[in-house]
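In what follows, a structure is listed as structure tokens, so that the remarks can point back to it.
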Amino acid sequence: MKNDKERNPGNLDRWLLTYADLITLLLGFFVVLYTVSQISAARYKSVTRALQGAFGHGRVAAVHTDAMIPPIRVTRQMLSDTLTNAIDFALLDQPELRSAVTLVPQLDGIALRFQDRILFDLGEAKVKPEAEKLLLSLAGVLSRFPNRLRIDGHTDDLPIHNAKFVSNWQLSTARAANVAHVLHEKGGIDGERITVTAHSEFQPAVPNTSDENRATNRRVEVVVLDE
């Protein structure tokens, strides 16, 4: 009796077809996994259509990506962790300034609170060059999130009246606007995401009862608003 090889001499390499199909399916599987990991519905739809065209011989079924990929909600914890790491890295060479930048939870979001000494000279509203580097570093992080931003300017309760500013209203407005300018014009953050507000001395973080408290109240806050 002839053995199997003698009976079917033309079928010795049929296992290669199954193997090739397996490799092709695995490749498609990992491409889909990569696409999902990028959290991009548009990219997922494009790749899905391409895979369906390849595996379905050109027959493309309707793909409801909204049902497959639920929208990712940016949580405060995600923002807090990311921003904290960014601040630590940006101030790695200036550890003495780390205490001048804090994250403060608010009712409508989470605030990056900058004491005025890290951003401005005394009584000035122009952002210092070294402070621009910090803001641009943070802009690179903030641009990854879709959240709207509100830039709040605050002062202490000591009156100001000089050649540039006749009141704390003007000072707090100019400081907040200049921070917004850096984030938008130099940091590339969409201006439609940014709102500027000024509060003068009327929303202190702590009572204006000491020089230390007044230094805390002289601040600009970049509030990452809840979506």
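How things are named: the first chain in the structure tokens is A, the next is B, and so on; residues count from 1 in each chain; ligands count from 1 in the order shown.
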Within 7 Å of segment 180-182 of chain A using only C-alpha atoms, minus same-chain residues under 4 positions, as a ChimeraX atom specification: /A:132,151,176,186-187
Would you give me, as a list in words, the residues in segment 62-208 of chain A that DSSP reads as strand (DSSP E or B)? Val101, Thr102, Leu103, Val104, Pro105, Gln106, Gly109, Ile110, Ala111, Leu112, Arg113, Phe114, Gln115, Leu149, Arg150, Ile151, Asp152, Gly153, His154, Ile194, Thr195, Val196, Thr197 and Ala198 of chain A
Shell of 12 Å around Lys164 of chain A, only C-alpha atoms, local chain residues under 4 positions omitted, as a PyMOL selection string: chain A and resi 123-126+160+168-171+174
Running DSSP on the backbone, which parts of segment 72-160 of chain A land in helix (DSSP H, G or I), as a ChimeraX atom specification? /A:76-90,95-100,116-119,129-142
Separation of atom CA of Asp156 of chain A from atom CA of Glu201 of chain A, in Å and rounded to one decimal: 4.9 Å
What is the atom CA of Ile110 of chain A to atom CA of Pro159 of chain A distance in Å? 28.9 Å
Name all residues at most 7 Å from Thr155 of chain A (count only C-alpha atoms; drop same-chain ones fewer than 6 positions away) and give them as an MDAnalysis selection string. chainID A and resid 168 172 200:201 217:219
